[in-house]
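Trainee: First, the structure itself, so that you have it in front of you.
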Amino acid sequence: MQDVLQIIEERKEIYMQWLIDLCRQPSVAAQNLGMAETAALVEKMLQEVGAQTRQVPTSGFPVVYGEMGEGERTLLFYNHYDVQPPEPLDEWHSPPFAAEVRDGTIYARGVGDNKGNLVARLGAVDAYVRARGTLPLRIKFIFEGEEEIGSPHIGEFAEAHPDLVAADACVWEAGYSDPDGRREMSLGVKGILYVEIEAREANTDLHSMWATVVPNAAWRLLRALESLKDANNRVMIPGFYDPVRPLTQADEQALLEMPFNENARREQWGIPAFNNNLSGVPLLTQHIFMPTCNICGITSGYTGPGMKTVLPHRATAKLDFRLVPDQDPHVIFEHLTEHLRQQGYGDIEVRMLSAEHPARTPIEHPFALLCREITRELSGKEPVVYPIIPATGPMHALCARYGIPTVSLGVGNVNSRVHAPNENILLEDYYMGIAQIATIIDRFPATASQ
């Protein structure tokens, strides 16, 4: 690999400029800001490294698809070209789309999530082809434009184009480092069921003097919500936990190796203790491997300044359930509605707003082991392996449902501030990320399948 690494070293300034150029192009999906221009730029960048490309239309923003190389094995790269809105603008130390470099750090909206990773993949391919003349395998690029708004159409894309998705393994979008500088890898994501529930009583808000005899929608909603969890935070919906997988020996070992500064987190958030006073491995087990039922918000009646003595006729709440393998969000939705009916709240309306399945690749999978080995060699430290991260992404829709093993890694750092002002990555991490991907390209063809 020395020849490839030498090319990376020689072309550092070029690869940095590629990233600056992409970060200077706004691409905020939530605001439809610069999306068409960014898709065109990303497609052009793919073409410049030798890929055959096309923009695949969806019901939303297009997927930019690229393909190059040949061989018995196929490696897929999933990234996204859309970014979060940059607001609040007054908290940025430089304009969010200026892509300024200061003291070895590049600051820009989207540089950590996800443009730095996207361009690192392109740099790795470019360096490998320049050093070797050809690739040892087939590479596919799927760059979507809607990840930051929930990837509503990536499943549609995958179902319509199974030939484009088919691969032997996938490098997922991103990765960061821990406070000790150890690179992090994740092998899965939790699923999600997001619902809105609504209680209605009278056909209009009333003067609160009628609270003596007229039902209050807010009280009814609160009692329905209370039926969902007990005092120990256990979800009370029958069948909710039935599909949850038991931990493997490798899972338990990963928990022992996982860094988590409990005191710092409690101090940061101003809480005296975690739920049920959990600590150590039991705390991480709950956080990583168990599902949740969370109230995101409640709305009812009058909440403005001053007084308004009102009896609300309508109350709504939004809830999310973070799900783990093998929970199906659609089945959980059915369990939820049946539970409310059984508890006497069958009149409460439940609306599904979003559903995504969980996904994960076993820690012992050869592709996961390969990525871990390469990361250890290049960084000089044992990486932190998360069997599953508590957040959600479209990993099932694009990979898991088709049996594609997936590892998420990337170029972020412990203070990359993704989704926040002053988002950043370290250039040294960016260049190492290019080398990491190039080494995966080199070694993956000889890795055993599973």
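Letters for chains follow the order of the structure tokens (A, B, ...), residue numbers begin at 1 for each chain, and ligand numbers begin at 1 in the order shown.
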Going by DSSP on the backbone, which bits of region 29-65 of chain A are strand (DSSP E)? Write them as a count of residues only, please.
Mentor: 8
Trainee: Skip Phe333 (chain A) itself and residues of its chain fewer than 5 positions away, then list as a PyMOL selection string all residues within 12 Å of it, counting only C-alpha atoms.
Mentor: chain A and resi 192-197+237-240+293+319-321+323+327-328+338-340+350-356
Trainee: Would you kindly return, as a PyMOL selection string, each protein, DNA or RNA residue with an atom no farther than 12 Å from any atom of Phe77 (chain A), considering only C-alpha atoms and excluding same-chain residues fewer than 2 positions away?
Mentor: chain A and resi 64-68+74-75+79-80+117-122+124-125+138-144+164-174+395+398-399+404-410+437+440-441
Trainee: May I ask which of the residues A:Lys308, A:Arg109, A:Arg183, A:Arg341 is the closest one to Pro86 (chain A), counting only C-alpha atoms?
Mentor: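 Selected residue with least distance to Pro86 (chain A): A:Arg109.
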Trainee: List every residue of region 324-401 of chain A that DSSP, applied to the backbone of this structure, places in helix (DSSP H, G or I), and write the result as a PyMOL selection string.
Mentor: chain A and resi 329-342+366-379+395-398+400-401
Trainee: Mind checking which residues fall within 10 Å of Ser449 (chain A), counting only C-alpha atoms, ignoring those fewer than 3 positions away in the same chain, and posting them as a list of chain:residue names?
Mentor: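 Answer for this query is A:Arg73, A:Asp168, A:Ala169, A:His365, A:Pro366, A:Phe367, A:Pro405, A:Phe444, A:Pro445, A:Ala446.
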Trainee: Which value, in Å to one decimal, gives the distance between CA of Asn32 (chain A) and CA of Arg417 (chain A)?
Mentor: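 Going from CA of Asn32 (chain A) over to CA of Arg417 (chain A), I get 22.6 Å.
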Trainee: Please report, as a tab-separated table, each residue of region 229-317 of chain A lying at most 8 Å from region 382-385 of chain A, together with the nearest pair of atoms and the separation in Å rounded to one decimal; use only C-alpha atoms, and order rows by chain and ascending residue number.
Mentor:
```
residue	atom	partner	partner_atom	distance
A:Ala254	CA	A:Val385	CA	6.6
A:Glu257	CA	A:Val384	CA	7.3
A:Met258	CA	A:Val384	CA	6.4
A:Pro259	CA	A:Val384	CA	7.9
```
Trainee: Limited to N, CA and C atoms, could you put the picked residues into a file as a JSON list (two decimals), in the first residue's frame?
Mentor:
```json
[["chain", "number", "residue", "atom", "x", "y", "z"],
["A", 254, "ALA", "N", -17.90, -6.09, 23.90],
["A", 254, "ALA", "CA", -17.88, -4.73, 23.36],
["A", 254, "ALA", "C", -18.31, -3.72, 24.42],
["A", 257, "GLU", "N", -15.50, -2.83, 26.70],
["A", 257, "GLU", "CA", -14.45, -2.02, 26.07],
["A", 257, "GLU", "C", -14.93, -0.62, 25.69],
["A", 258, "MET", "N", -16.21, -0.35, 25.92],
["A", 258, "MET", "CA", -16.81, 0.90, 25.46],
["A", 258, "MET", "C", -16.56, 2.02, 26.46],
["A", 259, "PRO", "N", -15.94, 3.13, 26.05],
["A", 259, "PRO", "CA", -15.71, 4.23, 26.99],
["A", 259, "PRO", "C", -16.99, 5.04, 27.21]]
```
Trainee: Can you tell me which residues surround region 98-101 of chain A at a distance of at most 12 Å, considering only C-alpha atoms, apart from same-chain residues fewer than 2 positions away, and format the answer as a ChimeraX atom specification?
Mentor: /A:13,16-26,86,92-96,103-112,115-116,422-427
Trainee: Keeping only C-alpha atoms, write the selected residues as a PDB file, in the first residue's frame.
Mentor:
```
ATOM      1  CA  GLU A  13      -3.704  19.882  -1.207  1.00  0.00           C
ATOM      2  CA  MET A  16      -8.405  19.373   0.573  1.00  0.00           C
ATOM      3  CA  GLN A  17      -9.543  21.657  -2.238  1.00  0.00           C
ATOM      4  CA  TRP A  18     -12.091  19.076  -3.405  1.00  0.00           C
ATOM      5  CA  LEU A  19     -13.605  19.151   0.063  1.00  0.00           C
ATOM      6  CA  ILE A  20     -13.550  22.939   0.292  1.00  0.00           C
ATOM      7  CA  ASP A  21     -15.309  23.230  -3.066  1.00  0.00           C
ATOM      8  CA  LEU A  22     -18.092  20.853  -2.035  1.00  0.00           C
ATOM      9  CA  CYS A  23     -18.552  22.473   1.386  1.00  0.00           C
ATOM     10  CA  ARG A  24     -18.839  25.909  -0.210  1.00  0.00           C
ATOM     11  CA  GLN A  25     -21.862  24.686  -2.145  1.00  0.00           C
ATOM     12  CA  PRO A  26     -24.917  24.917   0.173  1.00  0.00           C
ATOM     13  CA  PRO A  86     -26.792  26.266   9.456  1.00  0.00           C
ATOM     14  CA  TRP A  92     -20.561  30.624  13.800  1.00  0.00           C
ATOM     15  CA  HIS A  93     -17.001  31.942  14.005  1.00  0.00           C
ATOM     16  CA  SER A  94     -16.843  32.011  10.194  1.00  0.00           C
ATOM     17  CA  PRO A  95     -19.636  31.789   7.613  1.00  0.00           C
ATOM     18  CA  PRO A  96     -21.047  28.235   7.546  1.00  0.00           C
ATOM     19  CA  ASP A 103      -4.856  25.558  12.487  1.00  0.00           C
ATOM     20  CA  GLY A 104      -5.321  22.255  10.681  1.00  0.00           C
ATOM     21  CA  THR A 105      -9.099  22.246  11.076  1.00  0.00           C
ATOM     22  CA  ILE A 106     -11.693  22.910   8.387  1.00  0.00           C
ATOM     23  CA  TYR A 107     -14.949  24.542   9.483  1.00  0.00           C
ATOM     24  CA  ALA A 108     -18.134  24.284   7.414  1.00  0.00           C
ATOM     25  CA  ARG A 109     -21.714  23.140   7.622  1.00  0.00           C
ATOM     26  CA  GLY A 110     -21.733  19.519   6.513  1.00  0.00           C
ATOM     27  CA  VAL A 111     -17.978  18.929   6.625  1.00  0.00           C
ATOM     28  CA  GLY A 112     -18.370  16.264   9.305  1.00  0.00           C
ATOM     29  CA  LYS A 115     -19.230  15.813   2.957  1.00  0.00           C
ATOM     30  CA  GLY A 116     -15.846  15.039   4.505  1.00  0.00           C
ATOM     31  CA  ASN A 422     -18.783  25.601  13.924  1.00  0.00           C
ATOM     32  CA  GLU A 423     -19.007  22.071  12.523  1.00  0.00           C
ATOM     33  CA  ASN A 424     -15.500  20.859  11.770  1.00  0.00           C
ATOM     34  CA  ILE A 425     -13.072  18.051  11.035  1.00  0.00           C
ATOM     35  CA  LEU A 426      -9.308  17.817  11.497  1.00  0.00           C
ATOM     36  CA  LEU A 427      -7.400  17.603   8.240  1.00  0.00           C
TER      37      LEU A 427
END
```
Trainee: Which one is closest to Thr361 (chain A): A:Pro152, A:Pro272, A:Pro329, A:Gly403? Count only C-alpha atoms.
Mentor: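 Closest residue, counting only C-alpha atoms: A:Gly403.
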Trainee: Could you list, as a list in words, every residue within 12 Å of Ala317 (chain A), counting only C-alpha atoms and ignoring same-chain residues fewer than 3 positions away?
Mentor: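 Contacts, in chain order: Tyr194, Val195, Glu196, Ile197, Glu198, Ala199, Ala217, Ala218, Arg220, Leu221, Leu222, Ala224, Leu225, Asn294, Ile295, Cys296, Gly297, Ile298, Thr299, Ser300, Arg314, Asp320, Ile348, Glu349, Val350 and Arg351 of chain A.
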Trainee: Mind dumping the selected residues with C-alpha atoms as a JSON list (two decimals), in the first residue's frame?
Mentor:
```json
[["chain", "number", "residue", "atom", "x", "y", "z"],
["A", 194, "TYR", "CA", -42.71, 8.01, 15.41],
["A", 195, "VAL", "CA", -46.36, 8.60, 16.18],
["A", 196, "GLU", "CA", -48.76, 11.38, 17.06],
["A", 197, "ILE", "CA", -51.65, 10.57, 19.38],
["A", 198, "GLU", "CA", -54.67, 12.77, 19.89],
["A", 199, "ALA", "CA", -57.42, 12.89, 22.50],
["A", 217, "ALA", "CA", -58.82, 16.16, 26.78],
["A", 218, "ALA", "CA", -55.45, 16.91, 28.39],
["A", 220, "ARG", "CA", -57.35, 11.92, 29.18],
["A", 221, "LEU", "CA", -54.22, 12.11, 27.08],
["A", 222, "LEU", "CA", -51.98, 12.15, 30.16],
["A", 224, "ALA", "CA", -53.28, 7.26, 28.26],
["A", 225, "LEU", "CA", -49.58, 8.19, 28.15],
["A", 294, "ASN", "CA", -40.16, 8.62, 24.59],
["A", 295, "ILE", "CA", -42.54, 11.59, 24.75],
["A", 296, "CYS", "CA", -41.18, 14.23, 22.35],
["A", 297, "GLY", "CA", -43.79, 16.86, 23.07],
["A", 298, "ILE", "CA", -47.30, 17.56, 24.38],
["A", 299, "THR", "CA", -49.69, 20.29, 23.21],
["A", 300, "SER", "CA", -53.04, 21.26, 24.68],
["A", 314, "ARG", "CA", -58.09, 18.60, 22.23],
["A", 320, "ASP", "CA", -40.84, 8.09, 19.35],
["A", 348, "ILE", "CA", -57.71, 8.14, 21.06],
["A", 349, "GLU", "CA", -56.40, 8.52, 17.51],
["A", 350, "VAL", "CA", -52.90, 7.21, 16.76],
["A", 351, "ARG", "CA", -51.16, 8.40, 13.59]]
```
